[in-house]
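Trainee: I'm passing along run-v6.txt; it holds compact mmCIF, C-alpha atoms.
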# COMPACT_ATOMS: atom_id res chain seq x y z
CA MET A 213 38.42 -24.77 6.95
CA ALA A 214 36.12 -27.25 5.25
CA GLN A 215 32.64 -26.21 4.19
CA VAL A 216 29.87 -26.65 6.76
CA SER A 217 26.14 -26.12 6.95
CA TRP A 218 23.57 -26.26 9.69
CA PRO A 219 21.32 -27.64 11.03
CA SER A 220 22.78 -30.96 9.97
CA PRO A 221 23.63 -34.29 11.58
CA GLU A 222 27.15 -33.75 10.22
CA HIS A 223 27.56 -30.49 12.12
CA ASN A 224 27.56 -30.63 15.93
CA ASP A 225 24.85 -33.31 15.98
CA ARG A 226 22.28 -30.72 14.85
CA VAL A 227 22.94 -28.50 17.86
CA VAL A 228 22.80 -24.86 16.72
CA THR A 229 24.69 -22.20 18.68
CA ASP A 230 23.41 -18.67 19.32
CA ALA A 231 25.74 -17.27 16.68
CA GLU A 232 24.64 -19.89 14.16
CA TYR A 233 20.98 -19.15 14.95
CA GLU A 234 21.54 -15.44 14.30
CA ALA A 235 23.23 -16.23 10.99
CA ILE A 236 20.09 -18.10 9.92
CA ALA A 237 17.35 -15.99 11.51
CA ALA A 238 18.63 -12.46 10.88
CA ARG A 239 17.30 -12.56 7.33
CA PHE A 240 14.11 -14.43 8.16
CA SER A 241 12.56 -11.34 9.76
CA ASP A 242 13.24 -7.62 9.57
CA ASP A 243 14.65 -5.69 12.49
CA GLY A 244 11.78 -3.68 13.88
CA VAL A 245 8.87 -3.19 16.23
CA LEU A 246 5.71 -5.17 15.55
CA GLY A 247 2.91 -2.81 14.59
CA GLY A 248 2.81 0.47 12.73
CA PRO A 249 3.14 4.26 13.04
CA ASP A 250 -0.46 4.65 14.28
CA ASP A 251 0.26 2.54 17.39
CA ASP A 252 1.47 4.00 20.67
CA SER A 253 5.22 4.54 20.62
CA VAL A 254 7.47 2.11 22.45
CA VAL A 255 9.12 4.87 24.51
CA ASP A 256 7.26 7.55 26.48
CA THR A 257 8.09 9.90 29.34
CA PRO A 258 6.32 9.77 32.70
CA GLY A 259 7.76 13.17 33.60
CA GLY A 260 11.02 14.27 35.20
CA LEU A 261 14.39 12.88 34.18
CA ARG A 262 12.95 9.53 33.18
CA ILE A 263 11.70 7.59 30.19
CA SER A 264 9.42 4.57 30.18
CA VAL A 265 9.32 1.56 27.89
CA ARG A 266 5.66 0.75 27.36
CA ALA A 267 4.35 -2.62 28.48
CA GLY A 268 3.17 -5.13 25.93
CA LYS A 269 5.42 -3.98 23.08
CA ARG A 270 7.14 -6.56 20.90
CA ALA A 271 9.99 -6.42 18.41
CA SER A 272 12.43 -8.53 16.44
CA LEU A 273 16.17 -7.91 16.28
CA ARG A 274 18.46 -10.10 14.22
CA GLY A 275 15.83 -12.83 14.45
CA HIS A 276 15.57 -12.60 18.25
CA ALA A 277 12.13 -11.92 19.72
CA TRP A 278 11.81 -9.15 22.33
CA TYR A 279 8.90 -8.46 24.69
CA ALA A 280 8.71 -5.34 26.86
CA GLY A 281 6.99 -7.10 29.74
CA ASP A 282 3.62 -6.74 31.43
CA THR A 283 4.36 -3.41 33.17
CA ASP A 284 6.04 -0.21 32.02
CA ASP A 285 9.80 -0.21 32.56
CA VAL A 286 10.90 3.22 33.89
CA VAL A 287 14.54 4.13 33.20
CA PRO A 288 16.33 7.19 34.68
CA ILE A 289 18.04 9.77 32.43
CA ASP A 290 21.27 11.34 33.60
CA PRO A 291 21.00 15.10 34.30
CA ASN A 292 22.70 17.53 31.96
CA ASP A 293 24.94 19.98 33.78
CA ALA A 294 26.65 21.23 30.60
CA GLY A 295 25.78 24.48 28.89
CA GLU A 296 24.40 22.81 25.73
CA PRO A 297 21.51 20.40 25.19
CA ARG A 298 22.23 16.69 25.01
CA THR A 299 20.60 14.07 22.80
CA ASP A 300 20.38 10.52 24.11
CA LEU A 301 19.16 7.48 22.21
CA VAL A 302 16.89 4.70 23.39
CA VAL A 303 17.90 1.60 21.48
CA LEU A 304 17.00 -2.03 21.33
CA ARG A 305 20.31 -3.84 21.75
CA LEU A 306 21.34 -7.42 21.07
CA ASP A 307 24.30 -8.11 23.38
CA ARG A 308 26.14 -11.14 22.06
CA SER A 309 28.11 -11.60 25.29
CA ARG A 310 24.84 -12.79 26.90
CA TRP A 311 22.66 -13.21 23.81
CA THR A 312 19.92 -11.00 25.23
CA VAL A 313 17.88 -8.20 23.70
CA ARG A 314 17.06 -5.21 25.92
CA ALA A 315 15.88 -1.60 25.55
CA VAL A 316 18.64 0.66 26.91
CA VAL A 317 19.57 4.34 26.94
CA LYS A 318 22.70 5.50 25.11
CA LYS A 319 23.91 8.76 26.61
CA GLY A 320 24.95 11.42 24.12
CA THR A 321 27.50 14.25 24.34
CA PRO A 322 26.17 17.80 24.91
CA GLY A 323 26.23 19.76 21.67
CA ALA A 324 27.29 16.76 19.58
CA GLY A 325 23.94 15.32 18.48
CA ALA A 326 22.71 11.79 19.00
CA PRO A 327 25.25 8.98 19.46
CA ALA A 328 25.73 6.54 16.59
CA LEU A 329 24.22 3.10 16.50
CA VAL A 330 26.63 0.19 16.88
CA ARG A 331 26.15 -2.75 14.53
CA ASP A 332 28.96 -5.20 14.97
CA PRO A 333 29.12 -7.95 12.35
CA GLY A 334 30.00 -11.52 13.20
CA ASP A 335 29.28 -13.37 16.43
CA THR A 336 30.63 -10.87 19.02
CA GLY A 337 29.78 -7.31 20.04
CA VAL A 338 26.36 -5.68 19.88
CA TRP A 339 23.70 -4.84 17.35
CA GLU A 340 21.41 -1.85 17.96
CA MET A 341 18.17 -0.50 16.57
CA ARG A 342 16.82 2.96 17.37
CA LEU A 343 13.56 3.31 19.32
CA ALA A 344 13.52 7.00 20.30
CA THR A 345 15.60 10.13 20.77
CA VAL A 346 15.61 11.88 24.13
CA THR A 347 16.37 15.62 24.27
CA VAL A 348 17.88 16.73 27.57
CA PRO A 349 18.18 20.55 27.74
CA ALA A 350 20.94 22.10 29.80
CA GLY A 351 19.95 22.04 33.47
CA ALA A 352 16.68 20.32 32.60
CA THR A 353 14.34 18.76 35.12
CA SER A 354 12.39 16.93 32.41
CA VAL A 355 13.09 15.47 28.99
CA GLN A 356 11.42 15.36 25.60
CA VAL A 357 10.97 12.00 23.87
CA THR A 358 10.68 11.76 20.08
CA PRO A 359 9.56 8.33 18.82
CA ALA A 360 11.87 6.89 16.17
CA GLU A 361 10.87 3.25 15.85
CA GLU A 362 11.47 1.14 12.83
CA TYR A 363 8.74 -1.41 12.12
CA VAL A 364 8.85 -4.96 10.89
CA GLY A 365 8.17 -4.74 7.18
CA SER A 366 5.53 -6.39 5.03
CA ARG A 367 5.98 -8.88 2.25
CA VAL A 368 5.94 -8.50 -1.49
CA ARG A 369 3.74 -11.27 -2.86
CA PRO A 370 2.58 -12.44 -6.26
CA ALA A 371 -1.18 -12.99 -6.34
CA ARG A 372 -4.15 -13.40 -8.62
CA SER A 373 -6.68 -10.67 -9.23
CA LEU A 374 -10.17 -11.90 -8.35
CA ASN A 375 -12.80 -10.07 -10.42
CA GLY A 376 -10.65 -6.99 -10.32
CA GLU A 377 -10.09 -7.17 -6.55
CA PRO A 378 -6.75 -8.09 -4.93
CA ALA A 379 -6.60 -11.67 -3.66
CA LEU A 380 -5.07 -10.85 -0.27
CA THR A 381 -7.90 -10.49 2.25
CA HIS A 382 -5.89 -9.56 5.36
CA PRO A 383 -2.99 -7.42 4.15
CA ALA A 384 -0.52 -5.85 6.55
CA LEU A 385 0.28 -2.15 6.46
CA GLY A 386 2.68 -1.53 3.59
CA GLU A 387 2.02 -4.90 1.96
CA ILE A 388 2.80 -4.99 -1.75
CA GLN A 389 1.09 -7.32 -4.19
CA PHE A 390 2.07 -8.03 -7.78
CA GLU A 391 -0.63 -9.36 -10.10
CA PRO A 392 1.02 -10.82 -13.20
CA GLY A 393 -2.33 -11.34 -14.90
CA THR A 394 -3.42 -7.71 -14.70
CA PRO A 395 -0.46 -6.78 -14.53
CA ARG A 396 -0.07 -4.24 -11.73
CA TRP A 397 1.73 -3.53 -8.44
CA LEU A 398 -0.53 -2.62 -5.50
CA GLY A 399 0.26 -1.30 -2.03
CA TRP A 400 -1.96 -1.48 1.09
CA ASP A 401 -2.14 1.87 2.96
CA GLY A 402 -4.12 0.53 5.93
CA SER A 403 -7.56 1.19 4.47
CA ARG A 404 -7.42 0.36 0.76
CA TRP A 405 -5.20 -0.88 -2.04
CA ARG A 406 -3.38 1.78 -4.05
CA THR A 407 -1.96 1.26 -7.51
CA LEU A 408 1.80 1.72 -7.38
CA HIS A 409 2.54 0.85 -10.98
CA THR A 410 0.83 -0.65 -13.99
CA TYR A 411 2.19 -1.68 -17.34
CA GLU A 412 0.25 -0.05 -20.15
CA THR A 413 -2.38 -2.46 -21.37
CA GLU A 414 -5.07 -2.19 -24.01
CA GLU A 415 -8.32 -4.17 -23.89
CA LEU A 416 -11.14 -4.36 -26.42
CA ILE A 417 -14.47 -3.61 -24.78
CA ASP A 418 -16.92 -4.28 -27.62
CA LEU A 419 -20.04 -6.24 -26.69
CA PRO A 420 -21.06 -9.08 -29.03
CA ASP A 421 -24.67 -7.92 -28.73
CA ALA A 422 -26.03 -4.51 -27.81
CA GLY A 423 -29.27 -2.76 -27.12
CA GLU A 424 -31.32 -2.20 -24.02
CA GLU A 425 -30.25 -4.08 -20.90
CA GLY A 426 -31.58 -7.62 -20.96
CA GLY A 427 -31.50 -7.88 -24.75
CA GLY A 428 -33.64 -6.33 -27.41
CA GLU A 429 -33.03 -4.74 -30.79
CA MET A 430 -29.51 -3.66 -31.74
CA GLU A 431 -29.47 0.13 -31.48
CA TRP A 432 -25.93 0.97 -32.59
CA GLU A 433 -23.49 -0.19 -35.27
CA ARG A 434 -19.78 0.46 -34.66
CA ASP A 435 -17.45 1.86 -37.28
CA TYR A 436 -14.51 0.17 -35.54
CA SER A 437 -13.64 -1.34 -32.19
CA SER A 438 -13.70 0.51 -28.90
CA PHE A 439 -10.97 -0.15 -26.35
CA ILE A 440 -9.69 0.98 -22.99
CA VAL A 441 -6.07 1.70 -22.03
CA HIS A 442 -4.83 1.14 -18.47
CA ARG A 443 -1.81 3.23 -17.58
CA ALA A 444 -0.35 4.14 -14.16
CA GLY A 445 -3.61 3.89 -12.21
CA THR A 446 -5.79 5.59 -14.83
CA ALA A 447 -8.23 4.24 -17.40
CA HIS A 448 -8.55 5.89 -20.80
CA LEU A 449 -11.69 5.00 -22.75
CA ARG A 450 -11.38 5.26 -26.56
CA LEU A 451 -14.94 5.07 -27.82
CA SER A 452 -15.58 4.21 -31.45
CA GLY A 453 -17.73 6.28 -33.71
CA MET A 454 -21.08 4.55 -34.31
CA ARG A 455 -24.38 4.92 -36.15
CA CYS A 456 -27.93 4.64 -34.87
CA ALA A 457 -29.31 1.34 -36.21
CA VAL A 458 -33.01 1.73 -35.32
CA ARG A 459 -35.72 3.92 -36.78
CA GLU A 460 -35.94 6.27 -33.81
CA ILE A 461 -34.66 6.82 -30.27
CA PRO A 462 -36.82 9.50 -28.60
CA ALA A 463 -35.14 12.32 -26.70
CA ASP A 464 -36.54 11.08 -23.39
CA GLN A 465 -35.09 7.57 -23.86
CA ASP A 466 -31.55 6.70 -22.78
CA THR A 467 -29.71 4.24 -24.98
CA ARG A 468 -26.96 1.83 -24.10
CA LEU A 469 -23.85 1.78 -26.28
CA PRO A 470 -22.34 -1.56 -27.37
CA VAL A 471 -19.36 -1.51 -24.99
CA GLU A 472 -18.69 -2.55 -21.38
CA ILE A 473 -15.85 -1.58 -19.04
CA PRO A 474 -14.06 -4.56 -17.41
CA PRO A 475 -14.40 -4.76 -13.59
CA HIS A 476 -10.83 -3.76 -12.71
CA LEU A 477 -11.09 -0.58 -14.81
CA MET A 478 -14.58 0.63 -13.86
CA PRO A 479 -14.82 4.04 -12.21
CA PRO A 480 -14.40 3.03 -8.55
CA ARG A 481 -16.40 5.64 -6.63
CA ARG A 482 -18.74 7.65 -8.88
CA HIS A 483 -20.17 7.78 -12.38
CA GLN A 484 -18.14 9.44 -15.12
CA PHE A 485 -19.73 11.81 -17.63
CA ALA A 486 -18.64 13.20 -20.98
CA LEU A 487 -20.03 15.34 -23.80
CA VAL A 488 -20.36 13.68 -27.21
CA TYR A 489 -21.19 15.15 -30.60
CA LEU A 490 -24.03 13.83 -32.73
CA THR A 491 -25.09 14.36 -36.32
CA GLY A 492 -26.16 17.95 -37.07
CA HIS A 493 -23.85 19.70 -34.59
CA ARG A 494 -25.92 18.36 -31.72
CA VAL A 495 -24.66 16.99 -28.42
CA GLY A 496 -25.50 14.28 -25.92
CA ARG A 497 -24.23 13.12 -22.57
CA LEU A 498 -22.32 9.91 -21.90
CA ARG A 499 -22.69 8.18 -18.53
CA ILE A 500 -20.16 5.52 -17.52
CA TYR A 501 -21.61 3.64 -14.55
CA TYR A 502 -19.28 3.11 -11.61
CA ALA A 503 -18.51 -0.15 -9.81
CA GLY A 504 -20.96 0.55 -6.96
CA GLU A 505 -24.02 0.03 -9.19
CA PRO A 506 -24.02 -3.78 -9.54
CA ASP A 507 -26.84 -4.00 -12.08
CA VAL A 508 -25.28 -1.54 -14.53
CA ALA A 509 -21.64 -1.31 -13.41
CA GLY A 510 -19.30 -0.71 -16.34
CA GLN A 511 -22.09 0.06 -18.82
CA VAL A 512 -21.94 3.15 -21.04
CA TRP A 513 -25.16 4.99 -21.88
CA LEU A 514 -26.10 7.99 -23.98
CA SER A 515 -28.58 10.34 -22.32
CA GLN A 516 -29.83 13.92 -22.63
CA HIS A 517 -29.71 13.73 -26.41
CA PRO A 518 -32.08 15.64 -28.74
CA GLY A 519 -33.62 12.49 -30.25
CA LEU A 520 -32.07 10.21 -32.84
CA VAL A 521 -33.12 8.55 -36.06
CA GLU A 522 -31.58 5.76 -38.10
CA GLY A 523 -28.22 6.76 -39.56
CA ASN A 524 -27.49 9.52 -37.05
CA TYR A 525 -23.86 9.40 -36.06
CA LEU A 526 -22.19 9.48 -32.64
CA TYR A 527 -18.64 10.68 -33.05
CA GLY A 528 -15.90 8.84 -31.14
CA GLN A 529 -14.91 10.15 -27.73
CA SER A 530 -12.04 9.81 -25.24
CA VAL A 531 -12.72 9.79 -21.51
CA SER A 532 -10.28 9.17 -18.64
CA TRP A 533 -10.61 8.51 -14.91
CA ALA A 534 -8.56 7.28 -11.99
CA VAL A 535 -9.05 3.62 -11.07
CA ASP A 536 -6.95 3.75 -7.88
Represent the structure from my file as structure tokens, please.
Mentor:
Amino acid sequence: MAQVSWPSPEHNDRVVTDAEYEAIAARFSDDGVLGGPDDDSVVDTPGGLRISVRAGKRASLRGHAWYAGDTDDVVPIDPNDAGEPRTDLVVLRLDRSRWTVRAVVKKGTPGAGAPALVRDPGDTGVWEMRLATVTVPAGATSVQVTPAEEYVGSRVRPARSLNGEPALTHPALGEIQFEPGTPRWLGWDGSRWRTLHTYETEELIDLPDAGEEGGGEMEWERDYSSFIVHRAGTAHLRLSGMRCAVREIPADQDTRLPVEIPPHLMPPRRHQFALVYLTGHRVGRLRIYYAGEPDVAGQVWLSQHPGLVEGNYLYGQSVSWAVD
């Protein structure tokens, strides 16, 4: 047989058959129900030996759209007169003899577990997707429905990071975003982005000028550069040792250190604190401002110190926090 492709004016005058449509569309969309696990299940029980397919539900199967209709569809369940419980399946089935998709009940065998799904390849037979299991006890007058939907998946997309925030503004549940500039993989859990993976990166965080916010006299001189490491959803601050460069910093005066945390690595929900050692076996307290304080976010300050004079030394410190 010669090679063919479709749609094409050279193949059947661009007319696409049902089988040819499935061959194209089956990979365009996942098999699954539209929605997520927090939605009402597709299959419920109204009581007795019956199940109901909820109105308004939608799904995709091998590229074919399915709609449950505007009213619940109640389907009877065969009684179980055997001595062992029976497990039936409710499936969404593409029947290629008619090219229709319908929710149907597959009756199981008592004591044998749920029947297997049928997924015939090619352009004949049926293709099934599970919606629910139905437990029918021996001699039962009612059944138990256990939802078992699969859901249409979300995409994996490359995207830019905008000021440390993911670029996607309306992500779907389970959406994954890769930011090559950061670089990191993020997943949307329905309420916030979670870091799935980051490559270890190291960024210098030295400020060209230091001192009190808004300018002023340089208060600290670094021995070497400070940097921050980003690894697997955590930030690790490596603070340089530094010397006081002014005549005096009184004990009641906080002083800003000459570093700043980049937006995507700031503490996301609360300030971070750490103990630092100062000249003369004395101590002070570091405060790393979190992202929710816009005027000082990412700044690092020394507070609760015993007072400093020129030449006093602040010994380097390491501090870590979660950024996811």
Trainee: Write out, as a Markdown table, each residue of segment 255-364 of chain A that has an atom at most 12 Å from segment 235-240 of chain A, together with the closest pair of atoms and their distance in Å to one decimal, counting all atoms listed in the file, rows going by chain and rising number.
Mentor:
| residue | atom | partner | partner_atom | distance |
| --- | --- | --- | --- | --- |
| A:Ser272 | CA | A:Ala238 | CA | 9.2 |
| A:Leu273 | CA | A:Ala238 | CA | 7.5 |
| A:Arg274 | CA | A:Ala238 | CA | 4.1 |
| A:Gly275 | CA | A:Ala238 | CA | 4.6 |
| A:His276 | CA | A:Ala237 | CA | 7.8 |
| A:Ala277 | CA | A:Ala237 | CA | 10.5 |
| A:Leu306 | CA | A:Ala238 | CA | 11.7 |
| A:Pro333 | CA | A:Ala235 | CA | 10.3 |
| A:Gly334 | CA | A:Ala235 | CA | 8.5 |
| A:Asp335 | CA | A:Ala235 | CA | 8.6 |
| A:Trp339 | CA | A:Ala238 | CA | 11.2 |
| A:Val364 | CA | A:Phe240 | CA | 11.2 |
Trainee: Atoms to include: C-alpha atoms. Write the selected residues as a short mmCIF file (atom, residue, chain, number, x, y, z; two decimals), keeping the file's coordinate frame.
Mentor:
data_model
loop_
_atom_site.label_atom_id
_atom_site.label_comp_id
_atom_site.auth_asym_id
_atom_site.auth_seq_id
_atom_site.Cartn_x
_atom_site.Cartn_y
_atom_site.Cartn_z
CA SER A 272 12.43 -8.53 16.44
CA LEU A 273 16.17 -7.91 16.28
CA ARG A 274 18.46 -10.10 14.22
CA GLY A 275 15.83 -12.83 14.45
CA HIS A 276 15.57 -12.60 18.25
CA ALA A 277 12.13 -11.92 19.72
CA LEU A 306 21.34 -7.42 21.07
CA PRO A 333 29.12 -7.95 12.35
CA GLY A 334 30.00 -11.52 13.20
CA ASP A 335 29.28 -13.37 16.43
CA TRP A 339 23.70 -4.84 17.35
CA VAL A 364 8.85 -4.96 10.89
#
Trainee: Env of segment 467-480 of chain A: 9 Å cut, atoms = all atoms listed in the file, seq-sep filter 5 positions within chain, self excluded. Answer as a PyMOL selection string.
Mentor: chain A and resi 373+375-377+394+415-425+430-434+438-440+442+446-447+449+451+454+461+500-504+509-515+533-536
Trainee: Show which residues sit within 10 Å of Arg270 of chain A, as an MDAnalysis selection string. Count only C-alpha atoms, and ignore same-chain residues fewer than 3 positions away.
Mentor: chainID A and resid 244:247 254 266:267 277:281
Trainee: Rounded to one decimal in Å, what is the spacing between atom CA of Asp230 of chain A and atom CA of Arg314 of chain A?
Mentor: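 Result for atom CA of Asp230 of chain A versus atom CA of Arg314 of chain A: 16.3 Å, one decimal.
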Trainee: Nearest residue to Thr358 of chain A out of A:Glu232, A:Asp256, A:Asp242, A:Asp464, using only C-alpha atoms?
Mentor: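 Counting only C-alpha atoms, the residue closest to Thr358 of chain A is A:Asp256.
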Trainee: Quick one: pull the distance between atom CA of Glu387 of chain A and atom CA of Tyr411 of chain A, Å, one decimal.
Mentor: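 Separating atom CA of Glu387 of chain A from atom CA of Tyr411 of chain A is a distance of 19.6 Å.
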Trainee: Between A:Tyr527, A:Phe390, A:Trp397, A:Tyr363, which one has atoms that come closest to Ser452 of chain A, using all atoms listed in the file?
Mentor: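 For Ser452 of chain A, the nearest of the given residues is A:Tyr527.
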Trainee: Closest to Val357 of chain A among A:Pro258, A:Gly496, A:Pro370, A:Pro249, using all atoms listed in the file?
Mentor: A:Pro258
Trainee: Fewer than 2 positions away in the same chain doesn't count, so skip those; otherwise give me all residues within 7 Å of Leu487 of chain A, counting all atoms listed in the file, as a list in words.
Mentor: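 Contacts, in chain order: Tyr489, Val495, Gly496, Arg497 and Leu498 of chain A.
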Trainee: Between atom CA of Gly325 of chain A and atom CA of Ser264 of chain A, what distance in Å does the model show, to one decimal?
Mentor: 21.5 Å
Trainee: Which one is closest to Val255 of chain A: A:Val355, A:Ala360, A:Val348, A:Leu490? Count all atoms listed in the file.
Mentor: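 Using all atoms listed in the file, Val255 of chain A sits closest to A:Ala360.
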Trainee: Under the rule that only C-alpha atoms are counted, which of A:Leu380, A:Ala463, A:Val441, A:Leu301 is the nearest residue to Pro327 of chain A?
Mentor: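 Among the listed residues, A:Leu301 lies closest to Pro327 of chain A.
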